[in-house]
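S.K.: I have a structure I would like to understand better, so I am pasting it below and will then ask my questions one at a time.
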Amino acid sequence: MNSSDRGLYAETPARAAAYAATILPLRQRAEVRNGWLRRRLETILPEVMAREGFDMWVVAAREYNEDPVIMTLLPEPAMYARRRTVLVFSRCGDGTVERLTLSRYGLGDFYEGAWDPEAEDQWACLRRLVRERSPKAIGINVSETFAFGDGLSHGEYLQLMEALGPEYGPRTAGAERLCVGWLERRLPEEIETYPGILEIAHAVVGEAFSSKVVLPGVTTTQDVVWWMRQKVCDLGLGSWFQPSVTIQAPGMPAPQPGGRGGDRRTLIRPGDLLHCDFGLVYLGLCTDTQHNAYVLKLGETSPPAGLEAALETGKRLQDIHLGAMAAGRTGNEILRTALEKARGEGIKPSIYTHPLGYHGHAAGPTIGLWDQQEGVPGRGDYPLFDDTCHSIELNVTQEVPEWDGQEVRMAMEDDIVFTGGRGYWLAPRQERLHLIGSG
């Protein structure tokens with residue numbers, strides 16, 4: 001559907017039902033995800049290991065204290081690292097990666113079982129495997145910068161280093177970029193599937209911001225929040241954070257990103273500008289959406305022109321942001337480039353974009369934080385790679401003449417894939433305000 005289609009959001013309740021009919025049962029979801037995992041292990045993992053210069057990667061975690069990476073490496077229906085699971089990835093001369101598991105329960109044909117619990121201790125087995133392969137560089141999940149690369153617990157680290165001993169212990173190094181590279185890269189199949197997942201999210205938002213859910217003067221923002229959360233549950237999907245709905249209106253200060261500050265009135269009234277932040281999880285992939293709605297007053301058929309103008313300015317900032325994204329640029333470089341151009345056009349911008357994928361605030365370059373517009377040391381110094389997904393999250397502040405010149409903060413968030421050197425919307429961005437009738 002073309003993003004300029006003016007009927008896009010008016011039809012969301014019907015579209016919600018249509019998309020609900022396409023949601024797979026759990027068994028078929030597992031089959032899809034396992035197919036993706038097998039392809040990722042065969043294609044993405046060898047490439048990223050070679051890029052980051054590791055001959056071996058050891059991922060170890062215990063039950064209920066799982067490394068954030070290991071759950072993306074285990075096939076369905078695994079839900080945790082039973083007892084202790086150790087995965088060993090070793091690069092071969094032909095460019096492939098040998099995949100071994102030291103696990104009491106096995107992992108099917110995704111990994112070759114390399115440990116006989118009746119014959120040797122688990123750590124002794126690892127020591128033997130490492131000696132047999134004699135890697136020069138061993139990646140382990142320790143990092144001061146990325147949580148995704150810091151999943152090796154202190155206790156596991158001590159036992160791992162004891163097992164590697166004085167010969168191989170010094171060959172270890174933090175594998176944070178390997179972890180991030182594995183998590184952020186999307187398969188073509190995942191990219192092809194993402195738009196449909198986002199359409200489900202947009203359909204839920206569209207229905208939430210409609211007269212079906214909102215009765216002005218009766219409905220509160222928390223009513224809408226819990227309706228959205230329940231809708232996701234009823235669809236058989238997951239949420240990765242509690243949704244939020246906030247209000248701006250004449251005489252009410254705009255809330256800060258994250259709902260901080262401002263008037264916290266919750267009863268929705270005619271003339272309110274509503275904003276939501278909403279994310280769901282399906283097939284292991286997260287969405288993140290911030291859209292805006294206007295509650296019509298009696299006799300109104302459209303929002304105040306000043307609110308529509310603020311939305312257009314927000315869309316312009318989105319375009320500037322996408323134009324600043326280039327493979328190899330760091331998050332901080334993208335942030336600086338976009339902010340400078342926007343300010344040069346007279347826009348009052350704030351950008352706080354983040355990667356999207358297996359996690360909502362996912363692995364990859366951080367492009368600003370709402371309270372760090374000068375750049376983010378460490379996470380903002382990581383470069384942008386192709387075939388990655390991102391939530392373009394930002395806001396603009398602009399005066400609304402119809403509100404006596406009061407400033408409104410138009411916060412927006414829609415999701416893209418960056419591939420082939422440019423960004424593409426995964427689903428149509430918000431082109432106009434949702435409209436909610438007053439009666």
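As shown in the structure tokens, the chain order sets the letters A, B, ...; within each chain, residues go from 1, and ligands are also counted from 1 in the order they appear.
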Env of stretch 405-421 of chain A: 7 Å cut, atoms = only C-alpha atoms, seq-sep filter 5 positions within chain, self excluded. Answer as a list in words.
M.R.: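 My list of contacting residues is Ala254, Asp288, Thr289, Gln290, His291, Ala310, Leu311, Gly314, Ala326, Ala327, Asp386, Asp387, Thr388, Cys389, His390, Ser391, Ile392, Glu393, Leu394, Asn395, Val396, Thr397, Gln398, Glu399, Val400, Leu426 and Arg429 of chain A.
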S.K.: Selected residues, C-alpha atoms, written as a short mmCIF file (atom, residue, chain, number, x, y, z; two decimals), in the first residue's frame, please.
M.R.:
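Once written, result.cif looks like this:
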data_model
loop_
_atom_site.label_atom_id
_atom_site.label_comp_id
_atom_site.auth_asym_id
_atom_site.auth_seq_id
_atom_site.Cartn_x
_atom_site.Cartn_y
_atom_site.Cartn_z
CA ALA A 254 4.54 18.99 26.52
CA ASP A 288 8.56 0.10 17.87
CA THR A 289 5.97 2.68 16.91
CA GLN A 290 5.11 6.21 18.04
CA HIS A 291 2.09 7.67 16.29
CA ALA A 310 4.13 20.06 13.14
CA LEU A 311 3.61 16.56 11.77
CA GLY A 314 8.52 15.79 11.88
CA ALA A 326 25.42 5.93 5.20
CA ALA A 327 27.19 2.59 5.59
CA ASP A 386 23.90 -2.88 5.61
CA ASP A 387 20.99 -5.28 6.16
CA THR A 388 20.13 -3.91 9.59
CA CYS A 389 16.87 -2.51 10.97
CA HIS A 390 16.36 0.65 12.99
CA SER A 391 13.62 2.59 14.72
CA ILE A 392 13.77 6.18 13.49
CA GLU A 393 12.81 7.82 16.78
CA LEU A 394 12.77 11.60 17.07
CA ASN A 395 10.72 14.69 17.83
CA VAL A 396 10.34 18.29 16.74
CA THR A 397 9.13 21.23 18.81
CA GLN A 398 6.98 23.77 17.02
CA GLU A 399 4.54 26.56 17.86
CA VAL A 400 0.84 26.01 17.12
CA LEU A 426 9.48 -1.28 6.44
CA ARG A 429 5.18 5.83 8.10
#
S.K.: Find the residues near A:Ala363: any atom within 12 Å, counting only C-alpha atoms, skip ones fewer than 6 places away on the same chain, and give them as a ChimeraX atom specification.
M.R.: /A:68-69,145-149,176-186,354-357,379-380,382-385,388-391
S.K.: Give me, as a list in words, all polymer residues having an atom no more than 9 Å from stretch 192-194 of chain A, counting only C-alpha atoms and skipping those fewer than 6 positions away in the same chain.
M.R.: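 Within the cut-off, the hits are Leu285, Cys286, Thr287, Leu426 and Ala427 of chain A.
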S.K.: Smallest atom-to-atom distance to A:Cys276: which of A:Ala362, A:Ala324, A:Leu317, A:Ala208, using only C-alpha atoms?
M.R.: A:Ala208
S.K.: Find the residues around A:Arg91 up to 10 Å (only C-alpha atoms counted), leave out those fewer than 3 positions away in its own chain, and share them as a list in words.
M.R.: Leu45, Pro46, Met49, Ala50, Phe54, Asp55, Met56, Trp57, Asp94, Gly95, Thr96, Val97, Glu98, Arg99, Arg133 and Pro135 of chain A
S.K.: Could the residues in this selection be written to a file with N, CA and C atoms, as an mmCIF file, in the first residue's frame?
M.R.:
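Listed below is the output, selection.cif:
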data_model
loop_
_atom_site.group_PDB
_atom_site.id
_atom_site.type_symbol
_atom_site.label_atom_id
_atom_site.label_comp_id
_atom_site.auth_asym_id
_atom_site.auth_seq_id
_atom_site.Cartn_x
_atom_site.Cartn_y
_atom_site.Cartn_z
ATOM 1 N N LEU A 45 27.011 -15.972 10.494
ATOM 2 C CA LEU A 45 28.035 -16.224 11.510
ATOM 3 C C LEU A 45 29.442 -16.330 10.925
ATOM 4 N N PRO A 46 29.685 -17.125 9.863
ATOM 5 C CA PRO A 46 31.045 -17.167 9.307
ATOM 6 C C PRO A 46 31.541 -15.797 8.856
ATOM 7 N N MET A 49 32.350 -13.615 12.061
ATOM 8 C CA MET A 49 33.554 -14.103 12.743
ATOM 9 C C MET A 49 34.809 -13.725 11.972
ATOM 10 N N ALA A 50 34.762 -13.858 10.655
ATOM 11 C CA ALA A 50 35.920 -13.496 9.839
ATOM 12 C C ALA A 50 36.169 -11.991 9.893
ATOM 13 N N PHE A 54 38.097 -13.539 14.685
ATOM 14 C CA PHE A 54 38.107 -14.598 15.703
ATOM 15 C C PHE A 54 38.158 -15.973 15.047
ATOM 16 N N ASP A 55 39.062 -16.815 15.547
ATOM 17 C CA ASP A 55 39.129 -18.213 15.094
ATOM 18 C C ASP A 55 38.116 -19.073 15.840
ATOM 19 N N MET A 56 37.769 -18.650 17.050
ATOM 20 C CA MET A 56 36.847 -19.412 17.885
ATOM 21 C C MET A 56 36.006 -18.442 18.701
ATOM 22 N N TRP A 57 34.759 -18.850 18.942
ATOM 23 C CA TRP A 57 33.855 -18.070 19.790
ATOM 24 C C TRP A 57 33.225 -19.043 20.777
ATOM 25 N N ASP A 94 38.074 -23.777 5.096
ATOM 26 C CA ASP A 94 37.262 -23.512 3.905
ATOM 27 C C ASP A 94 36.281 -22.363 4.105
ATOM 28 N N GLY A 95 36.377 -21.686 5.256
ATOM 29 C CA GLY A 95 35.513 -20.545 5.518
ATOM 30 C C GLY A 95 34.237 -20.869 6.267
ATOM 31 N N THR A 96 33.936 -22.153 6.439
ATOM 32 C CA THR A 96 32.759 -22.540 7.212
ATOM 33 C C THR A 96 33.086 -22.477 8.703
ATOM 34 N N VAL A 97 32.066 -22.673 9.528
ATOM 35 C CA VAL A 97 32.237 -22.648 10.977
ATOM 36 C C VAL A 97 31.726 -23.960 11.558
ATOM 37 N N GLU A 98 32.595 -24.638 12.270
ATOM 38 C CA GLU A 98 32.209 -25.845 12.995
ATOM 39 C C GLU A 98 31.405 -25.420 14.217
ATOM 40 N N ARG A 99 30.263 -26.089 14.438
ATOM 41 C CA ARG A 99 29.377 -25.724 15.535
ATOM 42 C C ARG A 99 29.250 -26.896 16.500
ATOM 43 N N ARG A 133 42.070 -27.712 18.512
ATOM 44 C CA ARG A 133 41.905 -26.751 17.414
ATOM 45 C C ARG A 133 42.926 -25.610 17.474
ATOM 46 N N PRO A 135 43.167 -22.390 18.524
ATOM 47 C CA PRO A 135 42.842 -21.091 17.929
ATOM 48 C C PRO A 135 43.801 -19.993 18.397
#
S.K.: Could you go through stretch 289-432 of chain A and tell me which residues DSSP, when run on the backbone, assigns to strand (DSSP E), listing them as an MDAnalysis selection string?
M.R.: chainID A and resid 289:295 349:351 354:356 388:400 406:419 422:425
S.K.: Just the helix (DSSP H, G or I) stuff from stretch 222-400 of chain A, please, per backbone DSSP, written as number ranges by chain.
M.R.: A: 222-234, 257-259, 305-324, 331-344, 379-381
S.K.: Between A:Ile320, A:Val205, A:Ala309, A:Ile44, which is the closest to A:Gly279 once you count only C-alpha atoms?
M.R.: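 Looking at the shortest contact to A:Gly279, the residue is A:Val205.
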S.K.: Which residues come within 12 Å of A:Leu339, counting only C-alpha atoms, excluding same-chain residues fewer than 5 positions away, as JSON, numbers by chain?
M.R.: {"A": [316, 317, 318, 319, 320, 321, 322, 323, 324, 332, 333, 334, 344, 345, 346, 347, 348, 349, 350, 351, 352, 367, 368, 373, 374, 375, 394, 395, 396]}
